[in-house]
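Student: Contents of protein.cif (mmCIF, C-alpha atoms):
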data_protein
#
loop_
_atom_site.group_PDB
_atom_site.id
_atom_site.type_symbol
_atom_site.label_atom_id
_atom_site.label_comp_id
_atom_site.auth_asym_id
_atom_site.auth_seq_id
_atom_site.Cartn_x
_atom_site.Cartn_y
_atom_site.Cartn_z
ATOM 1 C CA MET A 1 55.681 44.676 -248.859
ATOM 2 C CA ARG A 2 58.115 47.480 -248.023
ATOM 3 C CA VAL A 3 56.636 49.617 -250.839
ATOM 4 C CA LEU A 4 53.101 49.040 -249.544
ATOM 5 C CA LEU A 5 54.119 50.021 -246.002
ATOM 6 C CA PHE A 6 55.830 53.188 -247.231
ATOM 7 C CA THR A 7 52.746 54.097 -249.283
ATOM 8 C CA PHE A 8 50.511 53.553 -246.244
ATOM 9 C CA LEU A 9 52.730 55.736 -244.038
ATOM 10 C CA ALA A 10 52.873 58.420 -246.721
ATOM 11 C CA LEU A 11 49.057 58.482 -246.816
ATOM 12 C CA LEU A 12 48.792 58.476 -243.036
ATOM 13 C CA LEU A 13 51.156 61.397 -242.471
ATOM 14 C CA PRO A 14 49.075 64.093 -244.214
ATOM 15 C CA ILE A 15 45.955 62.904 -242.366
ATOM 16 C CA SER A 16 47.622 63.247 -238.956
ATOM 17 C CA LEU A 17 48.960 66.676 -239.895
ATOM 18 C CA VAL A 18 45.514 67.866 -240.964
ATOM 19 C CA GLU A 19 44.051 66.686 -237.664
ATOM 20 C CA ALA A 20 46.768 68.490 -235.708
ATOM 21 C CA GLN A 21 46.358 71.746 -237.573
ATOM 22 C CA ASN A 22 43.311 73.476 -236.195
ATOM 23 C CA ALA A 23 42.403 77.120 -235.665
ATOM 24 C CA SER A 24 40.425 76.396 -232.478
ATOM 25 C CA GLY A 25 41.883 78.000 -229.378
ATOM 26 C CA VAL A 26 42.390 81.155 -227.353
ATOM 27 C CA TYR A 27 44.467 83.967 -228.864
ATOM 28 C CA ASP A 28 45.983 87.222 -227.679
ATOM 29 C CA SER A 29 44.930 89.594 -230.466
ATOM 30 C CA ASP A 30 45.046 93.296 -231.294
ATOM 31 C CA PHE A 31 41.435 93.413 -230.073
ATOM 32 C CA ASN A 32 42.036 91.651 -226.744
ATOM 33 C CA GLU A 33 41.549 87.964 -225.974
ATOM 34 C CA MET A 34 39.827 86.022 -228.748
ATOM 35 C CA THR A 35 38.369 82.518 -228.572
ATOM 36 C CA ILE A 36 38.048 80.748 -231.935
ATOM 37 C CA GLN A 37 36.079 77.591 -232.694
ATOM 38 C CA GLN A 38 36.580 75.562 -235.886
ATOM 39 C CA ASN A 39 33.897 73.173 -237.156
ATOM 40 C CA GLY A 40 34.984 71.759 -240.507
ATOM 41 C CA ASN A 41 35.815 74.850 -242.564
ATOM 42 C CA LYS A 42 33.464 77.078 -240.562
ATOM 43 C CA ILE A 43 35.059 79.500 -238.103
ATOM 44 C CA THR A 44 33.252 81.317 -235.290
ATOM 45 C CA GLY A 45 34.645 83.269 -232.390
ATOM 46 C CA THR A 46 34.203 85.889 -229.714
ATOM 47 C CA TYR A 47 36.616 88.541 -228.479
ATOM 48 C CA LYS A 48 36.714 90.957 -225.560
ATOM 49 C CA TRP A 49 36.239 94.219 -227.437
ATOM 50 C CA ALA A 50 32.789 95.835 -227.834
ATOM 51 C CA ASP A 51 31.028 92.441 -227.526
ATOM 52 C CA GLY A 52 32.954 91.303 -230.613
ATOM 53 C CA ARG A 53 32.338 88.135 -232.596
ATOM 54 C CA ILE A 54 33.502 86.732 -235.929
ATOM 55 C CA GLU A 55 32.038 84.391 -238.536
ATOM 56 C CA GLY A 56 34.157 83.121 -241.394
ATOM 57 C CA THR A 57 35.266 80.321 -243.706
ATOM 58 C CA LEU A 58 38.661 78.604 -243.634
ATOM 59 C CA SER A 59 40.416 77.846 -246.927
ATOM 60 C CA GLY A 60 43.877 76.392 -246.424
ATOM 61 C CA HIS A 61 45.411 78.687 -243.804
ATOM 62 C CA THR A 62 43.228 81.712 -244.592
ATOM 63 C CA VAL A 63 39.965 82.715 -242.907
ATOM 64 C CA THR A 64 37.749 85.325 -244.542
ATOM 65 C CA GLY A 65 34.506 86.579 -243.073
ATOM 66 C CA TRP A 66 32.767 89.248 -241.020
ATOM 67 C CA TRP A 67 33.292 90.796 -237.600
ATOM 68 C CA TYR A 68 30.401 92.169 -235.557
ATOM 69 C CA GLN A 69 30.650 94.563 -232.598
ATOM 70 C CA SER A 70 28.235 96.695 -230.596
ATOM 71 C CA ASN A 71 29.640 99.691 -232.519
ATOM 72 C CA GLY A 72 29.670 98.309 -236.067
ATOM 73 C CA LYS A 73 30.607 95.471 -238.389
ATOM 74 C CA GLY A 74 32.908 94.738 -241.309
ATOM 75 C CA ARG A 75 35.042 92.274 -243.215
ATOM 76 C CA PHE A 76 38.255 90.569 -242.061
ATOM 77 C CA THR A 77 40.978 88.232 -243.315
ATOM 78 C CA PHE A 78 43.227 86.129 -241.031
ATOM 79 C CA VAL A 79 46.225 84.248 -242.484
ATOM 80 C CA PHE A 80 47.465 81.566 -240.068
ATOM 81 C CA ASN A 81 51.001 80.209 -239.915
ATOM 82 C CA ASP A 82 51.769 76.537 -240.594
ATOM 83 C CA ASP A 83 50.799 75.166 -237.162
ATOM 84 C CA PHE A 84 47.933 77.613 -236.522
ATOM 85 C CA SER A 85 49.749 79.082 -233.504
ATOM 86 C CA ALA A 86 49.406 82.666 -234.807
ATOM 87 C CA PHE A 87 47.788 84.751 -237.531
ATOM 88 C CA THR A 88 48.383 88.015 -239.351
ATOM 89 C CA GLY A 89 45.143 89.748 -240.194
ATOM 90 C CA LYS A 90 43.406 92.753 -241.665
ATOM 91 C CA TRP A 91 39.999 94.319 -240.970
ATOM 92 C CA GLY A 92 37.808 96.960 -242.583
ATOM 93 C CA ARG A 93 34.465 98.600 -241.882
ATOM 94 C CA ASN A 94 31.299 97.437 -243.641
ATOM 95 C CA ASP A 95 32.041 96.382 -247.247
ATOM 96 C CA ALA A 96 35.438 98.133 -247.390
ATOM 97 C CA GLU A 97 38.526 96.072 -248.254
ATOM 98 C CA PRO A 98 40.272 94.977 -245.014
ATOM 99 C CA THR A 99 43.454 97.074 -244.626
ATOM 100 C CA SER A 100 43.879 97.723 -240.870
ATOM 101 C CA LYS A 101 46.095 95.430 -238.756
ATOM 102 C CA TRP A 102 44.596 92.593 -236.685
ATOM 103 C CA ASP A 103 47.165 90.016 -235.570
ATOM 104 C CA GLY A 104 46.966 87.280 -232.954
ATOM 105 C CA LYS A 105 48.971 84.578 -231.175
ATOM 106 C CA LYS A 106 47.545 81.400 -229.641
ATOM 107 C CA THR A 107 47.836 81.111 -225.871
ATOM 108 C CA SER A 108 45.989 77.801 -225.373
ATOM 109 C CA GLY A 109 44.040 75.140 -227.231
ATOM 110 C CA ALA A 110 40.254 75.260 -227.498
ATOM 111 C CA SER A 111 38.737 75.114 -224.027
ATOM 112 C CA ALA A 112 41.913 73.431 -222.772
ATOM 113 C CA SER A 113 41.551 74.921 -219.291
ATOM 114 C CA ALA A 114 37.787 74.506 -219.212
ATOM 115 C CA THR A 115 37.561 70.728 -218.797
ATOM 116 C CA SER A 116 34.783 70.240 -216.239
ATOM 117 C CA LEU A 117 35.904 73.375 -214.378
ATOM 118 C CA ILE A 118 32.606 75.159 -214.981
ATOM 119 C CA ALA A 119 30.537 72.497 -213.201
ATOM 120 C CA GLY A 120 29.493 73.617 -209.730
ATOM 121 C CA VAL A 121 27.138 75.723 -207.634
ATOM 122 C CA TYR A 122 27.109 79.500 -208.076
ATOM 123 C CA ASP A 123 25.571 82.426 -206.250
ATOM 124 C CA SER A 124 24.021 84.393 -209.114
ATOM 125 C CA ASP A 125 21.804 87.442 -209.648
ATOM 126 C CA PHE A 126 18.930 84.962 -210.063
ATOM 127 C CA ASN A 127 19.615 83.003 -206.866
ATOM 128 C CA GLU A 128 21.598 79.782 -206.521
ATOM 129 C CA MET A 129 22.541 78.138 -209.830
ATOM 130 C CA THR A 130 23.869 74.624 -210.394
ATOM 131 C CA ILE A 131 25.801 74.154 -213.653
ATOM 132 C CA GLN A 132 26.781 70.884 -215.339
ATOM 133 C CA GLN A 133 29.307 70.491 -218.163
ATOM 134 C CA ASN A 134 29.507 67.706 -220.752
ATOM 135 C CA GLY A 135 32.243 68.532 -223.256
ATOM 136 C CA ASN A 136 31.291 71.958 -224.607
ATOM 137 C CA LYS A 137 27.623 71.520 -223.690
ATOM 138 C CA ILE A 138 26.438 73.429 -220.621
ATOM 139 C CA THR A 139 23.176 72.850 -218.735
ATOM 140 C CA GLY A 140 21.979 74.175 -215.415
ATOM 141 C CA THR A 141 19.120 74.983 -213.077
ATOM 142 C CA TYR A 142 18.582 77.989 -210.826
ATOM 143 C CA LYS A 143 16.164 78.882 -208.051
ATOM 144 C CA TRP A 144 14.162 81.578 -209.817
ATOM 145 C CA ALA A 145 10.829 80.791 -211.554
ATOM 146 C CA ASP A 146 11.905 77.156 -212.167
ATOM 147 C CA GLY A 147 14.832 78.463 -214.185
ATOM 148 C CA ARG A 148 17.131 76.392 -216.388
ATOM 149 C CA ILE A 149 19.827 77.127 -218.972
ATOM 150 C CA GLU A 150 21.160 75.343 -222.054
ATOM 151 C CA GLY A 151 24.271 76.607 -223.791
ATOM 152 C CA THR A 152 27.552 75.989 -225.577
ATOM 153 C CA LEU A 153 31.019 76.725 -224.233
ATOM 154 C CA SER A 154 33.602 78.399 -226.480
ATOM 155 C CA GLY A 155 36.820 79.217 -224.634
ATOM 156 C CA HIS A 156 35.605 81.028 -221.520
ATOM 157 C CA THR A 157 32.240 82.105 -222.963
ATOM 158 C CA VAL A 158 28.899 80.297 -222.739
ATOM 159 C CA THR A 159 26.069 81.393 -225.029
ATOM 160 C CA GLY A 160 22.605 79.887 -225.035
ATOM 161 C CA TRP A 161 19.038 80.124 -223.784
ATOM 162 C CA TRP A 162 17.372 80.478 -220.396
ATOM 163 C CA TYR A 163 13.903 79.087 -219.705
ATOM 164 C CA GLN A 164 11.605 80.064 -216.823
ATOM 165 C CA SER A 165 7.964 79.550 -215.930
ATOM 166 C CA ASN A 166 7.394 83.194 -216.955
ATOM 167 C CA GLY A 167 9.349 83.306 -220.223
ATOM 168 C CA LYS A 168 12.574 82.521 -222.049
ATOM 169 C CA GLY A 169 15.461 84.303 -223.750
ATOM 170 C CA ARG A 170 19.131 84.394 -224.692
ATOM 171 C CA PHE A 171 22.130 84.723 -222.371
ATOM 172 C CA THR A 172 25.919 85.087 -222.464
ATOM 173 C CA PHE A 173 28.224 84.198 -219.559
ATOM 174 C CA VAL A 174 31.934 85.132 -219.707
ATOM 175 C CA PHE A 175 33.971 83.227 -217.103
ATOM 176 C CA ASN A 176 37.201 84.429 -215.515
ATOM 177 C CA ASP A 177 40.513 82.563 -215.949
ATOM 178 C CA ASP A 178 39.919 79.891 -213.273
ATOM 179 C CA PHE A 179 36.151 79.578 -213.904
ATOM 180 C CA SER A 180 35.358 80.684 -210.336
ATOM 181 C CA ALA A 181 33.002 83.482 -211.479
ATOM 182 C CA PHE A 182 31.261 84.881 -214.535
ATOM 183 C CA THR A 183 29.936 88.181 -215.795
ATOM 184 C CA GLY A 184 26.782 87.728 -217.818
ATOM 185 C CA LYS A 185 23.973 89.317 -219.756
ATOM 186 C CA TRP A 186 20.421 88.184 -220.492
ATOM 187 C CA GLY A 187 17.591 89.285 -222.768
ATOM 188 C CA ARG A 188 14.012 88.238 -223.439
ATOM 189 C CA ASN A 189 13.158 86.015 -226.415
ATOM 190 C CA ASP A 190 15.391 86.841 -229.417
ATOM 191 C CA ALA A 191 16.532 90.218 -228.047
ATOM 192 C CA GLU A 192 20.263 90.847 -227.648
ATOM 193 C CA PRO A 193 21.299 90.085 -224.022
ATOM 194 C CA THR A 194 21.885 93.419 -222.242
ATOM 195 C CA SER A 195 20.665 92.987 -218.630
ATOM 196 C CA LYS A 196 23.141 92.000 -215.887
ATOM 197 C CA TRP A 197 23.482 88.370 -214.757
ATOM 198 C CA ASP A 198 26.667 87.713 -212.795
ATOM 199 C CA GLY A 199 27.670 84.762 -210.631
ATOM 200 C CA LYS A 200 30.382 83.462 -208.313
ATOM 201 C CA LYS A 201 31.167 79.818 -207.522
ATOM 202 C CA LYS A 202 30.367 78.827 -203.915
#
Would it be possible to restate this file's structure as structure tokens?
Tutor:
Amino acid sequence: MRVLLFTFLALLLPISLVEAQNASGVYDSDFNEMTIQQNGNKITGTYKWADGRIEGTLSGHTVTGWWYQSNGKGRFTFVFNDDFSAFTGKWGRNDAEPTSKWDGKKTSGASASATSLIAGVYDSDFNEMTIQQNGNKITGTYKWADGRIEGTLSGHTVTGWWYQSNGKGRFTFVFNDDFSAFTGKWGRNDAEPTSKWDGKKK
């Protein structure tokens, strides 16, 4: 019986460690604040430098993939420490081997400060907007051409689609630290969001 219990605990320990070790979270990085989301071995993220975003694959403690900015793109490699609280990284332009420094340190867990804080009524560039939050799913309505939004929250950034009686398109809202306001962009249909759409909680 004692042997069986020990075997069970030995099997359970690695599982709990795997669950605890996750790259998701907000990091201070060499390219400003970065919010990373992990879904299985797929890594996505956004960072506050030239509309930056990353897409990569996690293998063990190493993420390899591509970065995309308004001024270019290229490859990157992040090597995380044992508890995923920091990474040492390299980046390069286009297909070049990543050689330039890109390090980061976690400041909070994924969306830790965002729990239901987004929900509320905002004065926005498209009139009054009411936003609801359910986990990382964001929905809302606003008083402009029967407007509504549907999006996904990652850290402090919501990306998704707006729908109106006169069209639809993509949007990005970046909220401040206490989720009392956002700076946003919108575009028509599949176009990259570039037009201003800001808001402040009432």
Student: Interatomic distance between atom CA of A:Val79 and atom CA of A:Asn176?
Tutor: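 Atom CA of A:Val79 sits 28.4 Å away from atom CA of A:Asn176.
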Student: Hey, which of A:Ala119, A:Ala50, A:Val174, A:Leu58 ends up closest to A:Ser70? Count all atoms listed in the file.
Tutor: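 Nearest to A:Ser70: A:Ala50.
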Student: Using 4 Å of padding on each side, determine the axis-aligned box around all atoms of stretch 97-107 of chain A present in the file and give its centre and edge lengths in Å to one decimal, as AutoDock Vina command-line options.
Tutor:
--center_x 43.7 --center_y 89.4 --center_z -237.1 --size_x 18.4 --size_y 24.6 --size_z 30.4
Student: Set the distance at 8 Å and use only C-alpha atoms: which residues neighbour A:Arg93 once local chain neighbours fewer than 5 positions away are removed? I'd like the list as a JSON list (two decimals) with C-alpha atoms, in the frame of the given file.
Tutor:
[["chain", "number", "residue", "atom", "x", "y", "z"],
["A", 72, "GLY", "CA", 29.67, 98.31, -236.07],
["A", 73, "LYS", "CA", 30.61, 95.47, -238.39],
["A", 74, "GLY", "CA", 32.91, 94.74, -241.31],
["A", 75, "ARG", "CA", 35.04, 92.27, -243.22],
["A", 98, "PRO", "CA", 40.27, 94.98, -245.01]]
Student: Enumerate, as number ranges by chain, the residues matched when the PyMOL selection byres ((chain A and resi 38) around 10) is run on the file above.
Tutor: A: 22-25, 36-37, 39-45, 56-58, 110
Student: Report the distance between atom CA of A:Trp144 and atom CA of A:Ile131 in Å, rounded to one decimal place.
Tutor: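 Distance reported for this atom pair: 14.3 Å.
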Student: Excluding A:His61 and its own-chain neighbours fewer than 4 positions away, which residues fall within 10 Å of it when counting all atoms listed in the file? Please give them as a PyMOL selection string.
Tutor: chain A and resi 21-23+78-84+87
Student: Taking the file as I've supplied it (selection: the PyMOL selection byres ((chain A and resi 136) around 8)), which residues are included? Please answer as a list in words.
Tutor: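 So the PyMOL selection byres ((chain A and resi 136) around 8) ends up selecting Gln133, Asn134, Gly135, Lys137, Ile138, Thr152, Leu153 and Ser154 of chain A.
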